[in-house]
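Reviewing the structure listed below.
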Amino acid sequence: MSTMEERIRDAAREYLEQEKVTCVIGYERSARGVVRPAFIYEADDVERLIWGEDCNLDLVTYLHNFKHPPGRGVPIPKVAVVVRPCDARALNLLLYEQQIQRENVKVIGLTCAGTTIRGEPRTACQFCSERVPVVYDVLIEADGEIDVPAVQDEYADVQEMDDWTPAERLSYWAREFDRCIRCYACRQACPGCYCYECVAEQVEPHWSSIALELPEKHFFHVMRAFHLAGRCVECDACEAVCPMDIPLSKLNRKLAKEVEALFGYRTGDDPETAPPLATFDPQEQLRM
Amino acid sequence: MTSEERFEPKIVGFLCNWCSYAGADLAGTSRASYPQNLRIIRVPCSGRVDPLFVLKAFQDGADGVMVLGCHPGDCHYQQGNYFAQRRYALMHRLLEFTGLEADRLFVEWVSASEGKKFADVTTAFTDKIRELGPSPLKREQEVLEQARQEVMA
């Protein structure tokens, strides 16, 4: 029996040889052993593709590179992308937001047993009960059975912080945000962050100075989290790429928890339902 | 500031042009008094108040932020306040999670005929902020130094 890795390569080879896509986006390992996105244009190159538990990037992000025609009169390129279950939700989000067209994307879905960040299992994976992507064209199934953990309290880690006093939380976040070097890697890795001009870099209006000071860092992180309120799929790509190890997933998970409690909504279940902040219900009365 | 001096908070109010701003106007013409701590910014609709405005206000030294809009169903643009309601319900929880007291952001519906209500909510909010003291974001650097020393000890 072939391994998952080999089956991903077979699927990629088939797409490229039949010229159904011009590019396959998958994971590869750099010379130094770090996982990075791979853009495969030739069927001979598919051997570069890998799969492992440290594949913690969200490759749907890179579909933004293929959403425009490369030139006048040239059609939008068709691409194939390797997705984990959480990434598939991001795909649904981008379909809802009309960033990509379904017919231009071939989805190589993976059943996923959870990934790691710097050797540690991801928090979201420990609570994840979804092992098959919500959308795929080809499904690459895992070799063995995947144990789905019995989820008691999905947001226990966030709840713990909710019980602190505001002063304790500020002290915690001041220490975490202080490490930020404002490299914006979290923004670049996120499938939901695709503004042409980011608020963090906008000059007119000048929302935030480029100073490397705590207030600016605080502003940036709260702003980034809020722009993903009800849109974040908890793929944790932001946390995976953060060079300073800031627990960004805590902010995202807090908002996911509140969105679920207030609106009963989970991002990316299907490409038709509007995220909660893009719609409203005249009947509802929310506690502020 | 000596101990006898009362803490005067800086409060920024985003008021919808059609209801709350007119409500504030009515409070003035009907001689209802409200605290001078409020800096009013007129916006076309409570739906126009980007959460960035609120964040920026806090970052630039506001001790409290009010967002006042039309009552549900009364929006001049039919739906702006419904969007605002959802947005601020979440924004509240995020600000609270990142270390700001939840009471520092206040969202209320005030119509053009509610001059008295405008004066009342503004007074109540100002009193609450006065009780809470200056915004912790203004001394975040101090909080950080203190946290560092605790870690070292």
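Here's how to read the names in the structure tokens: chain A, B, ... by the order shown, residue numbers from 1 in each chain, ligand numbers from 1 in the order shown.
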
For chain A, report every residue with an atom at most 7 Å from chain B (counting only C-alpha atoms), formatted as an NGL selection string. :A and (162 or 166-167 or 169-171 or 173-175 or 214-215 or 219 or 223 or 255 or 277 or 279-280 or 282 or 286-288)

Please dump the current selection as a PDB file, in the first residue's frame; keep C-alpha atoms.
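Contents of out.pdb, as written:
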```pdb
ATOM      1  CA  ASP A 162     -11.771  34.676  30.717  1.00  0.00           C
ATOM      2  CA  PRO A 166      -8.718  42.498  33.248  1.00  0.00           C
ATOM      3  CA  ALA A 167      -5.412  43.611  34.827  1.00  0.00           C
ATOM      4  CA  ARG A 169      -5.061  39.751  31.045  1.00  0.00           C
ATOM      5  CA  LEU A 170      -3.458  43.083  30.151  1.00  0.00           C
ATOM      6  CA  SER A 171      -0.256  42.038  31.885  1.00  0.00           C
ATOM      7  CA  TRP A 173      -0.902  40.341  26.570  1.00  0.00           C
ATOM      8  CA  ALA A 174       1.576  43.163  27.216  1.00  0.00           C
ATOM      9  CA  ARG A 175       4.282  40.528  27.659  1.00  0.00           C
ATOM     10  CA  LEU A 214       3.893  48.420  22.653  1.00  0.00           C
ATOM     11  CA  PRO A 215       0.763  50.514  21.875  1.00  0.00           C
ATOM     12  CA  PHE A 219      -3.302  47.986  18.126  1.00  0.00           C
ATOM     13  CA  MET A 223      -7.101  44.904  14.737  1.00  0.00           C
ATOM     14  CA  LEU A 255     -13.488  35.256  18.883  1.00  0.00           C
ATOM     15  CA  LEU A 277     -20.675  40.383  10.736  1.00  0.00           C
ATOM     16  CA  THR A 279     -25.343  40.037   7.867  1.00  0.00           C
ATOM     17  CA  PHE A 280     -27.836  40.720  10.683  1.00  0.00           C
ATOM     18  CA  PRO A 282     -33.542  42.356  13.089  1.00  0.00           C
ATOM     19  CA  LEU A 286     -27.411  41.187  21.983  1.00  0.00           C
ATOM     20  CA  ARG A 287     -25.964  41.684  25.412  1.00  0.00           C
ATOM     21  CA  MET A 288     -23.193  44.236  25.077  1.00  0.00           C
TER      22      MET A 288
END
```

Check the DSSP output for the backbone and give back, as a PyMOL selection string, the residues of chain B in alpha helix (DSSP H). chain B and resi 20-29+51-59+80-97+115-132+140-152

Prev. selection, C-alpha atoms, output as a compact mmCIF listing (two decimals), in the first residue's frame:
```txt
# COMPACT_ATOMS: atom_id res chain seq x y z
CA SER B 20 -28.23 60.56 18.79
CA TYR B 21 -26.61 63.77 17.54
CA ALA B 22 -30.05 65.34 17.33
CA GLY B 23 -30.70 63.91 20.79
CA ALA B 24 -27.60 65.66 22.09
CA ASP B 25 -28.83 68.83 20.41
CA LEU B 26 -32.17 68.48 22.14
CA ALA B 27 -30.40 67.98 25.46
CA GLY B 28 -28.73 71.32 24.83
CA THR B 29 -31.82 73.24 23.74
CA PRO B 51 -14.14 49.18 15.24
CA LEU B 52 -10.82 50.78 14.27
CA PHE B 53 -12.23 54.16 15.36
CA VAL B 54 -12.84 52.75 18.82
CA LEU B 55 -9.46 51.05 18.96
CA LYS B 56 -7.71 54.19 17.76
CA ALA B 57 -9.55 56.31 20.34
CA PHE B 58 -8.37 54.04 23.14
CA GLN B 59 -4.87 53.96 21.71
CA GLY B 80 -26.77 50.27 9.82
CA ASN B 81 -27.46 49.89 13.53
CA TYR B 82 -28.12 46.16 13.18
CA PHE B 83 -24.63 45.72 11.76
CA ALA B 84 -23.24 47.93 14.52
CA GLN B 85 -24.94 45.86 17.19
CA ARG B 86 -23.31 42.62 16.04
CA ARG B 87 -19.95 44.28 15.55
CA TYR B 88 -19.82 45.85 19.01
CA ALA B 89 -21.11 42.76 20.79
CA LEU B 90 -17.96 41.05 19.50
CA MET B 91 -15.65 44.06 19.87
CA HIS B 92 -16.66 44.32 23.52
CA ARG B 93 -15.61 40.76 24.18
CA LEU B 94 -12.33 41.13 22.32
CA LEU B 95 -11.37 44.34 24.15
CA GLU B 96 -12.21 42.65 27.42
CA PHE B 97 -10.08 39.65 26.48
CA GLY B 115 -32.57 64.57 25.02
CA LYS B 116 -33.10 63.63 28.64
CA LYS B 117 -31.95 60.06 28.02
CA PHE B 118 -28.83 61.38 26.28
CA ALA B 119 -27.96 63.52 29.30
CA ASP B 120 -28.66 60.59 31.64
CA VAL B 121 -26.58 57.95 29.84
CA THR B 122 -23.70 60.38 29.35
CA THR B 123 -23.68 61.29 33.03
CA ALA B 124 -23.94 57.67 34.13
CA PHE B 125 -21.15 56.60 31.77
CA THR B 126 -18.86 59.43 32.86
CA ASP B 127 -19.40 58.54 36.50
CA LYS B 128 -18.60 54.91 35.79
CA ILE B 129 -15.37 55.80 33.98
CA ARG B 130 -14.40 58.20 36.76
CA GLU B 131 -14.78 55.29 39.15
CA LEU B 132 -12.69 52.99 36.93
CA GLU B 140 0.67 49.60 29.26
CA GLN B 141 4.45 50.08 29.25
CA GLU B 142 4.41 50.32 33.05
CA VAL B 143 2.27 47.20 33.23
CA LEU B 144 4.86 45.45 31.09
CA GLU B 145 7.79 46.54 33.27
CA GLN B 146 5.93 45.39 36.33
CA ALA B 147 5.13 42.01 34.76
CA ARG B 148 8.80 41.61 33.82
CA GLN B 149 9.93 42.30 37.36
CA GLU B 150 7.44 39.76 38.67
CA VAL B 151 8.84 37.17 36.28
CA MET B 152 12.40 38.00 37.35
```

Gly268 in chain A surroundings by only C-alpha atoms, 8 Å radius, close-in-sequence under 4 positions cut, as a list of chain:residue names: A:Ala88, A:Arg89, A:Ala90, A:Leu91, A:Asn92, A:Leu93, A:Arg231, A:Val233

Any chance you could export the current selection's C-alpha atoms as a PDB file, in the first residue's frame?
```pdb
ATOM      1  CA  ALA A  88     -11.038  23.463   3.259  1.00  0.00           C
ATOM      2  CA  ARG A  89     -13.096  25.789   5.474  1.00  0.00           C
ATOM      3  CA  ALA A  90     -10.888  28.681   4.385  1.00  0.00           C
ATOM      4  CA  LEU A  91     -11.619  27.680   0.795  1.00  0.00           C
ATOM      5  CA  ASN A  92     -15.355  27.974   1.502  1.00  0.00           C
ATOM      6  CA  LEU A  93     -14.763  31.400   3.032  1.00  0.00           C
ATOM      7  CA  ARG A 231     -13.978  34.556   9.365  1.00  0.00           C
ATOM      8  CA  VAL A 233     -11.027  28.987  10.396  1.00  0.00           C
TER       9      VAL A 233
END
```

Using only C-alpha atoms, determine which residues lie at most 7 Å from range 30-47 of chain A, disregarding the query and same-chain residues fewer than 3 positions distant; provide the list as a count of residues only. 13

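Within range 59-125 of chain B, DSSP applied to the backbone places the following residues in strand (DSSP E or B): B:Gly64, B:Val65, B:Met66, B:Val67, B:Leu68, B:Gly69, B:Leu105, B:Phe106, B:Val107, B:Glu108, B:Trp109.
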
Gap from CA of Val74 in chain A to CA of Asp10 in chain A - Å, one decimal: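 CA of Asp10 in chain A lies at a distance of 28.4 Å from CA of Val74 in chain A.
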
Please measure the separation of CA of Asp245 in chain A and CA of Thr116 in chain A, giving the value in Å to one decimal.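 Distance between the two atoms: 13.4 Å.
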
Just give me the gap between CA of Cys195 in chain A and CA of His227 in chain A in Å, one decimal is fine.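 Computing the Euclidean distance for CA of Cys195 in chain A and CA of His227 in chain A yields 10.4 Å.
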